[in-house]
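Engineer: File data_22.cif below, mmCIF, C-alpha atoms:
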```
data_start
#
loop_
_atom_site.label_atom_id
_atom_site.label_comp_id
_atom_site.auth_asym_id
_atom_site.auth_seq_id
_atom_site.Cartn_x
_atom_site.Cartn_y
_atom_site.Cartn_z
CA MET A 1 1.49 113.24 15.53
CA ASN A 2 -2.32 113.05 15.23
CA ARG A 3 -3.49 113.52 11.61
CA SER A 4 -6.30 115.88 12.68
CA ILE A 5 -3.73 118.11 14.37
CA LEU A 6 -1.64 118.21 11.18
CA LEU A 7 -4.68 119.10 9.06
CA SER A 8 -5.69 121.76 11.55
CA GLY A 9 -2.20 123.26 11.45
CA LEU A 10 -2.22 123.28 7.65
CA ARG A 11 -5.60 125.04 7.56
CA TRP A 12 -4.27 127.63 10.03
CA PHE A 13 -1.18 128.30 7.84
CA ILE A 14 -3.27 128.70 4.66
CA GLY A 15 -5.64 131.03 6.47
CA ILE A 16 -2.76 133.23 7.62
CA ALA A 17 -0.68 133.14 4.42
CA GLY A 18 -3.62 133.22 1.99
CA PRO A 19 -3.71 131.95 -1.57
CA CYS A 20 -2.20 135.19 -2.93
CA THR A 21 0.89 134.79 -0.80
CA LEU A 22 1.31 131.21 -1.90
CA GLY A 23 0.68 132.21 -5.51
CA SER A 24 3.17 135.05 -5.35
CA CYS A 25 5.77 132.72 -3.89
CA MET A 26 5.20 130.28 -6.73
CA THR A 27 5.38 133.08 -9.33
CA GLU A 28 8.51 134.54 -7.79
CA GLY A 29 10.17 131.15 -7.73
CA SER A 30 9.13 130.49 -11.31
CA SER A 31 10.47 133.88 -12.40
CA SER A 32 13.77 133.23 -10.66
CA ARG A 33 14.12 129.88 -12.40
CA ASP A 34 13.22 131.49 -15.73
CA GLU A 35 15.86 134.21 -15.32
CA ALA A 36 18.41 131.65 -14.20
CA GLY A 37 17.59 129.74 -17.40
CA GLY A 38 18.69 132.66 -19.58
CA LEU A 39 15.73 135.08 -19.80
CA PRO A 40 16.82 138.36 -18.20
CA HIS A 41 15.44 141.91 -18.57
CA GLY A 42 11.89 141.04 -17.51
CA PHE A 43 11.25 138.08 -19.83
CA ILE A 44 9.57 134.92 -18.57
CA ARG A 45 9.26 131.54 -20.24
CA ARG A 46 6.09 129.66 -19.26
CA GLY A 47 5.77 126.44 -21.16
CA ASP A 48 5.19 127.40 -24.80
CA THR A 49 4.67 131.09 -23.97
CA ILE A 50 7.15 133.96 -23.75
CA LEU A 51 6.17 137.06 -21.77
CA TYR A 52 7.88 140.44 -21.42
CA HIS A 53 6.58 141.41 -18.00
CA THR A 54 2.82 141.24 -18.76
CA VAL A 55 3.11 141.39 -22.58
CA VAL A 56 2.67 138.06 -24.36
CA LEU A 57 4.81 137.60 -27.49
CA ASP A 58 2.56 136.08 -30.14
CA SER A 59 3.66 133.10 -32.25
CA VAL A 60 7.22 133.03 -30.89
CA ASP A 61 9.28 129.86 -31.17
CA THR A 62 10.05 129.31 -27.51
CA ALA A 63 12.75 126.71 -28.12
CA SER A 64 14.94 129.15 -30.09
CA PHE A 65 13.96 132.37 -28.29
CA GLN A 66 16.81 134.35 -26.74
CA VAL A 67 17.31 137.79 -25.20
CA LEU A 68 20.29 139.43 -26.91
CA ASP A 69 20.78 142.51 -24.71
CA GLY A 70 18.69 145.17 -22.98
CA SER A 71 16.97 146.20 -26.22
CA PHE A 72 16.69 143.24 -28.62
CA CYS A 73 15.49 139.64 -28.57
CA LYS A 74 14.78 137.07 -31.27
CA ASP A 75 13.75 133.56 -32.18
CA LYS A 76 14.92 131.63 -35.24
CA GLN A 77 12.73 133.63 -37.61
CA ARG A 78 12.02 137.07 -36.15
CA VAL A 79 13.74 139.89 -34.26
CA PHE A 80 12.08 142.17 -31.69
CA TYR A 81 12.87 145.47 -29.98
CA PHE A 82 11.62 145.84 -26.40
CA ASP A 83 11.45 148.70 -23.92
CA SER A 84 9.84 149.69 -20.62
CA TYR A 85 8.81 153.31 -20.20
CA ARG A 86 6.55 155.72 -18.33
CA GLU A 87 4.24 158.37 -19.74
CA SER A 88 4.15 161.84 -18.19
CA ARG A 89 0.44 161.82 -17.42
CA ASP A 90 0.75 158.84 -15.05
CA TYR A 91 4.52 158.71 -14.63
CA PHE A 92 4.53 157.53 -11.01
CA LEU A 93 1.61 155.15 -11.36
CA THR A 94 2.13 152.94 -14.39
CA LYS A 95 5.14 151.48 -16.15
CA LYS A 96 4.41 150.35 -19.70
CA HIS A 97 6.09 147.64 -21.72
CA LEU A 98 6.60 147.52 -25.48
CA VAL A 99 7.64 144.68 -27.76
CA GLN A 100 7.81 145.46 -31.48
CA GLU A 101 8.98 143.32 -34.39
CA LEU A 102 11.76 144.57 -36.67
CA VAL A 103 10.05 144.06 -40.01
CA GLY A 104 12.53 142.72 -42.55
CA ALA A 105 15.32 141.92 -40.08
CA ASP A 106 17.27 138.73 -40.72
CA ALA A 107 17.29 136.77 -37.47
CA SER A 108 20.09 134.41 -38.49
CA THR A 109 22.62 137.23 -39.01
CA PHE A 110 21.26 139.77 -36.53
CA GLU A 111 23.97 141.24 -34.26
CA VAL A 112 23.57 143.80 -31.46
CA LEU A 113 26.03 146.70 -31.27
CA GLY A 114 24.94 148.41 -28.05
CA TYR A 115 23.15 151.72 -27.39
CA GLU A 116 20.02 150.29 -29.12
CA TYR A 117 21.91 149.78 -32.39
CA ALA A 118 22.19 146.51 -34.31
CA LYS A 119 22.85 145.15 -37.79
CA ASP A 120 22.10 142.11 -39.92
CA SER A 121 23.47 140.99 -43.27
CA ALA A 122 21.48 143.62 -45.19
CA GLN A 123 21.11 146.77 -43.09
CA ALA A 124 21.77 148.66 -39.88
CA TRP A 125 19.11 149.20 -37.22
CA TYR A 126 18.36 151.76 -34.53
CA GLN A 127 15.56 150.48 -32.32
CA THR A 128 13.01 149.38 -34.95
CA VAL A 129 14.16 151.63 -37.80
CA PRO A 130 16.67 150.53 -40.48
CA PHE A 131 19.23 152.98 -41.85
CA ARG A 132 21.97 152.87 -44.45
CA VAL A 133 25.72 153.02 -43.86
CA ALA A 134 28.68 152.90 -46.22
CA ASP A 135 30.30 149.75 -44.81
CA LEU A 136 27.94 147.53 -42.83
CA ARG A 137 30.62 144.97 -42.02
CA SER A 138 32.70 147.41 -39.93
CA LEU A 139 29.81 149.29 -38.29
CA GLN A 140 30.16 150.00 -34.57
CA ALA A 141 28.23 152.14 -32.07
CA LEU A 142 30.08 154.80 -30.07
CA ASP A 143 27.11 156.08 -28.05
CA VAL A 144 23.40 156.63 -28.57
CA HIS A 145 24.04 159.42 -31.11
CA PHE A 146 27.26 158.39 -32.88
CA VAL A 147 28.15 155.32 -34.93
CA LYS A 148 30.92 154.77 -37.43
CA ASP A 149 32.21 152.34 -40.03
CA ASP A 150 35.57 152.21 -41.79
CA VAL A 151 34.42 154.79 -44.33
CA GLN A 152 32.73 157.56 -42.32
CA ALA A 153 31.06 158.52 -39.05
CA TYR A 154 27.36 159.24 -38.45
CA LEU A 155 25.45 161.54 -36.10
CA ASP A 156 21.93 160.34 -35.42
CA ARG A 157 22.21 158.03 -38.44
CA LYS A 158 23.20 160.85 -40.82
CA PRO A 159 26.69 160.91 -42.40
CA ILE A 160 29.20 163.43 -41.05
CA ARG A 161 30.52 164.89 -44.28
CA GLY A 162 34.27 164.67 -44.71
CA SER A 163 34.76 162.40 -41.70
CA HIS A 164 37.14 159.45 -41.71
CA GLY A 165 35.30 156.62 -40.03
CA ARG A 166 38.16 154.29 -39.14
CA SER A 167 40.00 156.98 -37.12
CA PHE A 168 36.92 158.82 -35.81
CA ALA A 169 36.69 158.94 -32.01
CA LEU A 170 34.68 160.85 -29.42
CA ILE A 171 36.86 162.84 -27.01
CA ASP A 172 34.04 163.96 -24.68
CA HIS A 173 30.51 165.34 -24.99
CA SER A 174 31.76 168.43 -26.85
CA TYR A 175 34.64 167.23 -29.02
CA ALA A 176 35.50 164.48 -31.50
CA ARG A 177 38.38 163.90 -33.88
CA ASP A 178 39.61 161.81 -36.76
CA SER A 179 42.89 161.71 -38.66
CA THR A 180 42.28 165.02 -40.43
CA HIS A 181 39.82 167.03 -38.29
CA TYR A 182 38.79 168.07 -34.81
CA TYR A 183 35.02 168.55 -34.43
CA TYR A 184 32.82 170.52 -32.06
CA ILE A 185 29.52 168.96 -30.97
CA GLN A 186 26.71 171.39 -30.15
CA GLY A 187 23.24 170.90 -28.69
CA SER A 188 21.83 168.08 -26.62
CA GLY A 189 19.37 165.22 -26.93
CA ASP A 190 18.14 164.83 -30.49
CA ASP A 191 19.02 168.44 -31.31
CA ARG A 192 22.73 167.94 -31.95
CA ALA A 193 25.07 169.22 -34.63
CA ILE A 194 28.74 168.56 -35.35
CA THR A 195 31.06 170.89 -37.24
CA PRO A 196 34.76 170.69 -38.07
CA ILE A 197 36.98 173.17 -36.21
CA PRO A 198 39.19 175.12 -38.66
CA CYS A 199 42.26 174.40 -36.55
CA ASP A 200 45.80 173.16 -37.02
CA VAL A 201 45.31 169.50 -36.06
CA SER A 202 48.95 168.97 -35.12
CA SER A 203 48.98 171.70 -32.44
CA VAL A 204 45.41 171.85 -31.15
CA GLN A 205 44.77 171.77 -27.39
CA ILE A 206 41.33 171.30 -25.86
CA ILE A 207 41.10 173.57 -22.83
CA ASP A 208 37.57 172.86 -21.58
CA LEU A 209 34.11 172.07 -22.95
CA THR A 210 33.91 175.41 -24.77
CA TYR A 211 37.45 176.66 -25.42
CA ALA A 212 40.29 175.18 -27.49
CA LYS A 213 43.40 176.60 -29.12
CA ASP A 214 46.20 175.79 -31.55
CA LYS A 215 49.48 177.57 -32.27
CA ASP A 216 47.75 180.38 -34.15
CA GLN A 217 44.18 180.74 -32.93
CA VAL A 218 41.74 180.37 -30.00
CA TYR A 219 38.32 178.75 -30.56
CA TYR A 220 35.04 179.10 -28.70
CA ARG A 221 32.51 176.34 -29.38
CA GLY A 222 34.41 175.47 -32.52
CA GLY A 223 34.49 178.98 -33.99
CA LYS A 224 37.43 181.39 -34.05
CA LEU A 225 37.66 183.78 -31.10
CA SER A 226 38.64 186.92 -32.93
CA GLY A 227 41.78 188.66 -31.65
CA ALA A 228 42.59 186.15 -28.89
CA VAL A 229 46.27 185.31 -28.39
CA PRO A 230 46.76 181.55 -27.88
CA SER A 231 50.19 181.76 -26.22
CA SER A 232 48.80 183.72 -23.22
CA PHE A 233 45.20 182.53 -23.28
CA VAL A 234 43.82 181.02 -20.05
CA VAL A 235 40.33 180.10 -18.88
CA LEU A 236 39.32 181.70 -15.57
CA GLY A 237 36.03 179.89 -15.02
CA SER A 238 32.39 181.03 -14.85
CA SER A 239 32.49 181.58 -18.64
CA TYR A 240 35.38 184.07 -18.36
CA ALA A 241 38.79 183.80 -20.04
CA LYS A 242 41.66 186.16 -20.80
CA ASP A 243 44.93 186.61 -22.62
CA ALA A 244 47.65 189.19 -22.07
CA GLN A 245 45.65 191.86 -23.89
CA SER A 246 41.92 191.22 -23.35
CA VAL A 247 39.24 189.61 -21.22
CA TYR A 248 36.42 187.51 -22.70
CA PHE A 249 33.01 186.41 -21.52
CA ARG A 250 32.22 183.34 -23.59
CA GLU A 251 32.88 184.51 -27.17
CA GLN A 252 32.53 188.24 -26.37
CA ARG A 253 35.49 190.53 -25.72
CA ILE A 254 34.81 192.77 -22.69
CA ALA A 255 35.66 196.27 -23.82
CA GLY A 256 38.00 198.11 -21.46
CA ALA A 257 38.54 195.22 -19.02
CA ASP A 258 42.04 194.99 -17.55
CA PRO A 259 43.35 191.41 -17.78
CA ALA A 260 46.14 191.94 -15.22
CA SER A 261 43.72 192.86 -12.38
CA PHE A 262 40.65 190.95 -13.55
CA VAL A 263 39.32 188.48 -10.93
CA LEU A 264 36.08 186.59 -10.32
CA PHE A 265 33.77 186.75 -7.32
CA SER A 266 33.67 183.53 -5.29
CA GLU A 267 29.86 183.77 -5.23
CA ASN A 268 29.92 182.59 -8.86
CA ASP A 269 30.33 179.08 -7.48
CA HIS A 270 26.66 179.22 -6.46
CA SER A 271 25.36 180.64 -9.73
CA GLY A 272 22.72 178.77 -11.68
CA GLY A 273 24.66 179.54 -14.87
CA GLU A 274 22.78 182.64 -15.99
CA THR A 275 24.62 185.43 -14.15
CA TYR A 276 28.29 185.78 -13.17
CA TYR A 277 30.24 188.62 -11.52
CA ALA A 278 33.83 189.84 -11.89
CA ARG A 279 35.95 192.91 -11.18
CA ASP A 280 39.14 194.64 -12.20
CA LYS A 281 40.93 197.64 -10.76
CA GLU A 282 38.34 200.04 -12.19
CA ARG A 283 34.94 198.35 -12.52
CA ILE A 284 32.47 195.65 -11.52
CA TYR A 285 31.13 193.41 -14.32
CA VAL A 286 27.99 191.34 -14.66
CA ASN A 287 28.66 188.82 -17.38
CA ALA A 288 30.21 191.01 -20.10
CA GLU A 289 28.67 194.31 -18.99
CA PRO A 290 30.28 196.89 -16.68
CA CYS A 291 28.08 198.06 -13.79
CA VAL A 292 27.62 201.80 -14.16
CA GLY A 293 27.24 203.85 -10.97
CA VAL A 294 28.02 201.03 -8.53
CA ASP A 295 30.38 201.75 -5.63
CA LYS A 296 33.20 199.26 -6.19
CA GLY A 297 34.52 199.44 -2.64
CA THR A 298 31.27 198.40 -0.93
CA PHE A 299 29.76 196.21 -3.63
CA ARG A 300 28.56 192.80 -2.45
CA ILE A 301 26.56 189.95 -3.95
CA LEU A 302 23.45 188.84 -2.04
CA ASP A 303 22.53 186.10 -4.51
CA GLU A 304 22.61 185.61 -8.27
CA LYS A 305 19.93 188.29 -8.84
CA TYR A 306 20.33 190.72 -5.92
CA THR A 307 23.37 192.86 -5.10
CA ALA A 308 24.05 195.86 -2.87
CA ASP A 309 26.49 198.68 -2.19
CA ARG A 310 26.46 201.66 0.17
CA ASN A 311 23.95 203.40 -2.09
CA GLY A 312 21.26 200.73 -2.04
CA VAL A 313 19.99 197.38 -3.29
CA TYR A 314 19.95 196.25 -6.93
CA TYR A 315 17.99 193.65 -8.84
CA ARG A 316 19.95 192.50 -11.88
CA MET A 317 22.01 195.68 -11.42
CA LYS A 318 19.00 198.01 -11.52
CA ARG A 319 18.58 199.98 -8.32
CA MET A 320 15.47 199.23 -6.23
CA PRO A 321 14.45 202.65 -4.82
CA GLU A 322 11.88 201.15 -2.40
CA ALA A 323 14.36 198.72 -0.77
CA ASP A 324 15.81 199.46 2.67
CA LEU A 325 19.50 198.53 2.62
CA SER A 326 19.89 197.99 6.37
CA THR A 327 17.07 195.41 6.66
CA PHE A 328 17.03 193.87 3.20
CA LYS A 329 17.48 190.10 3.07
CA VAL A 330 17.12 187.47 0.37
CA TYR A 331 15.26 184.20 0.92
CA PRO A 332 17.04 180.94 0.02
CA HIS A 333 13.89 179.98 -1.93
CA TYR A 334 10.66 181.61 -3.02
CA LEU A 335 8.02 181.87 -0.29
CA GLY A 336 4.79 182.33 -2.16
CA ASP A 337 5.36 185.27 -4.53
CA ALA A 338 8.33 186.64 -2.58
CA ASP A 339 12.07 185.98 -2.81
CA ALA A 340 13.27 188.85 -0.56
CA GLU A 341 12.06 191.32 2.07
CA ASP A 342 12.96 194.38 4.15
CA LYS A 343 11.23 196.06 7.09
CA ALA A 344 8.50 197.51 4.89
CA HIS A 345 7.96 195.19 1.92
CA LYS A 346 8.29 191.77 0.39
CA TYR A 347 9.75 191.48 -3.10
CA GLY A 348 9.54 189.06 -6.00
CA ASP A 349 12.02 189.42 -8.86
CA GLY A 350 12.87 192.92 -7.69
CA LYS A 351 9.27 194.19 -7.48
CA VAL A 352 7.14 194.89 -4.43
CA VAL A 353 4.59 192.10 -3.97
CA GLU A 354 3.38 192.86 -0.43
#
```
Write out the structure in this file as structure tokens.
Structural biologist:
Amino acid sequence: MNRSILLSGLRWFIGIAGPCTLGSCMTEGSSSRDEAGGLPHGFIRRGDTILYHTVVLDSVDTASFQVLDGSFCKDKQRVFYFDSYRESRDYFLTKKHLVQELVGADASTFEVLGYEYAKDSAQAWYQTVPFRVADLRSLQALDVHFVKDDVQAYLDRKPIRGSHGRSFALIDHSYARDSTHYYYIQGSGDDRAITPIPCDVSSVQIIDLTYAKDKDQVYYRGGKLSGAVPSSFVVLGSSYAKDAQSVYFREQRIAGADPASFVLFSENDHSGGETYYARDKERIYVNAEPCVGVDKGTFRILDEKYTADRNGVYYRMKRMPEADLSTFKVYPHYLGDADAEDKAHKYGDGKVVE
């Protein structure tokens, strides 16, 4: 083929593809080779330089550098914690990257444990912060909040008093146990607490995330549910439970409720968790409170906040005198300031807004 034709074709290809396309192809290929060479999680090796995405790691020994897991990396002398995150002010626009040295960490003995925990020959680490444990050799991470060694267990790096570390185990997000105790875990995120349940360990049964029982006692969130009978105790759902004698809403006994006829409304399945409805042969209940003056035979639930009977419409069980029962309807979502309407008005949270 004529050389001038080849050159012309090459110029045409470069003009269409552009230097950025060629450059991006080269970068992508280089990145793929780097990751295939053992640098995952956004790290790139370029000659004598190590990058974490766009962050250059200063004075790193590239020959000995290695990524240990999704949180830690090291070379022969130093250990680093790394993370990618977004800030709320520009959450959808910019992803930021952090690499921070663990000051005082011993690279030669550094060992990752998972959940952003690690240890070396001298101390335990969470992210970039060292903390003390009773037996460093046996330390292991259970999740982001709990670790243990052969001596005791720890919640957010603080010892759980009286715990037996070797036998300590998480059951679920609400319960843990060791050889001598069951524990209830309360709170979420960094606001967590763990307390021993004063139960008979040999007979305890965990019923759900809030209720448990043993041969003598029923427990709600780790505390004794006063008066409850474990042999007949059952959880109904929607925060209700009962035994042969009483009905309970969470930890509260519902005065006067009849356990034999007590049933829940199916509409509770659509509740957001704030309001639940139930009934027995005599009354309608909202959470633990009986509804005074409501006609039980015609009572119906419109949504979690609005109800009705033959006498009218109610917002959180308070009658709305302005509402027209025959035309009242609830919106599936707020429309402006309104969440319901009838032929004469629009309503928001039970009040006339238009």
Engineer: For the file shown, what are the residues hit by the PyMOL selection byres ((chain A and resi 207) around 12), laid out as a VMD selection string?
Structural biologist: chain A and resid 174 to 175 204 to 206 208 to 214 218 to 222 230 233 to 237 241
Engineer: For range 132-142 of chain A, find every residue with an atom within 7 Å (counting only C-alpha atoms), except residues of its own chain fewer than 5 positions away, and show them as a PyMOL selection string.
Structural biologist: chain A and resi 113-115+117+123-124+147-151
Engineer: Kindly save the residues from that selection, with C-alpha atoms included, as an mmCIF file, keeping the file's coordinate frame.
Structural biologist:
```cif
data_model
loop_
_atom_site.group_PDB
_atom_site.id
_atom_site.type_symbol
_atom_site.label_atom_id
_atom_site.label_comp_id
_atom_site.auth_asym_id
_atom_site.auth_seq_id
_atom_site.Cartn_x
_atom_site.Cartn_y
_atom_site.Cartn_z
ATOM 1 C CA LEU A 113 26.030 146.700 -31.270
ATOM 2 C CA GLY A 114 24.940 148.410 -28.050
ATOM 3 C CA TYR A 115 23.150 151.720 -27.390
ATOM 4 C CA TYR A 117 21.910 149.780 -32.390
ATOM 5 C CA GLN A 123 21.110 146.770 -43.090
ATOM 6 C CA ALA A 124 21.770 148.660 -39.880
ATOM 7 C CA VAL A 147 28.150 155.320 -34.930
ATOM 8 C CA LYS A 148 30.920 154.770 -37.430
ATOM 9 C CA ASP A 149 32.210 152.340 -40.030
ATOM 10 C CA ASP A 150 35.570 152.210 -41.790
ATOM 11 C CA VAL A 151 34.420 154.790 -44.330
#
```
Engineer: For CA of Cys199 in chain A and CA of Gly223 in chain A, quote the distance in Å rounded to one decimal.
Structural biologist: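 CA of Gly223 in chain A lies 9.4 Å from CA of Cys199 in chain A.
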Engineer: Tell me, as a PDB file with C-alpha atoms, in the coordinates of the input, which residues lie within 10 Å of Ala344 in chain A, counting all atoms listed in the file; anything in the same chain fewer than 5 positions away does not count.
Structural biologist:
```
ATOM      1  CA  GLU A 322      11.880 201.150  -2.400  1.00  0.00           C
ATOM      2  CA  ALA A 323      14.360 198.720  -0.770  1.00  0.00           C
ATOM      3  CA  ASP A 324      15.810 199.460   2.670  1.00  0.00           C
ATOM      4  CA  THR A 327      17.070 195.410   6.660  1.00  0.00           C
ATOM      5  CA  PHE A 328      17.030 193.870   3.200  1.00  0.00           C
ATOM      6  CA  VAL A 352       7.140 194.890  -4.430  1.00  0.00           C
ATOM      7  CA  GLU A 354       3.380 192.860  -0.430  1.00  0.00           C
TER       8      GLU A 354
END
```
Engineer: Suppose you want the space between CA of Gly297 in chain A and CA of Lys281 in chain A; what is it in Å?
Structural biologist: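 CA of Lys281 in chain A lies 10.5 Å from CA of Gly297 in chain A.
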Engineer: Between CA of Tyr183 in chain A and CA of Tyr276 in chain A, what is the distance, to one decimal in Å?
Structural biologist: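 These atoms are spaced 28.2 Å apart.
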Engineer: Which neighbours of Asp349 in chain A fall inside 12 Å, counting only C-alpha atoms, when residues of the same chain fewer than 4 positions from it are skipped, and could you give them as a list in words?
Structural biologist: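 Neighbouring residues, sequence-local ones excluded: Asp303, Glu304, Lys305, Tyr306, Tyr314, Tyr315, Arg316, Lys318, Met320, Val330, Tyr331, His333, Tyr334, Asp337, Ala338, Asp339, Ala340, Glu341 and Val353 of chain A.
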Engineer: Smallest atom-to-atom distance to Thr109 in chain A: which of A:Leu93, A:Ile160, A:Val247, A:Val79, using only C-alpha atoms?
Structural biologist: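 Checking each of A:Leu93, A:Ile160, A:Val247, A:Val79 against Thr109 in chain A, counting only C-alpha atoms, the winner is A:Val79.
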Engineer: For this structure, which residues satisfy the selection - the PyMOL selection byres ((chain A and resi 71) around 12) - when it is evaluated on the file as given? I want them as number ranges by chain.
Structural biologist: A: 40-43, 52, 66-70, 72-74, 79-84, 97-102, 111-118, 125-128
Engineer: Find the residue from A:Tyr248, A:Tyr285, A:Phe65, A:Phe265 that sits nearest to Val229 in chain A; use only C-alpha atoms when measuring.
Structural biologist: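 Using only C-alpha atoms, Val229 in chain A sits closest to A:Tyr248.
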Engineer: Evaluate the PyMOL selection byres ((chain A and resi 308) around 9) here and jot the selected residues down as number ranges by chain.
Structural biologist: A: 294, 298-302, 306-307, 309-315, 317, 319, 325
Engineer: Give me the residues within 7 Å of Ser246 in chain A as a PyMOL selection string, counting all atoms listed in the file and dropping any in the same chain fewer than 2 places off.
Structural biologist: chain A and resi 242-244+248+253+257-259
Engineer: May I ask which of the residues A:Ser179, A:Tyr85, A:Ala193, A:Tyr91 is the closest one to His145 in chain A, counting all atoms listed in the file?
Structural biologist: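 For His145 in chain A, the nearest of the given residues is A:Ala193.
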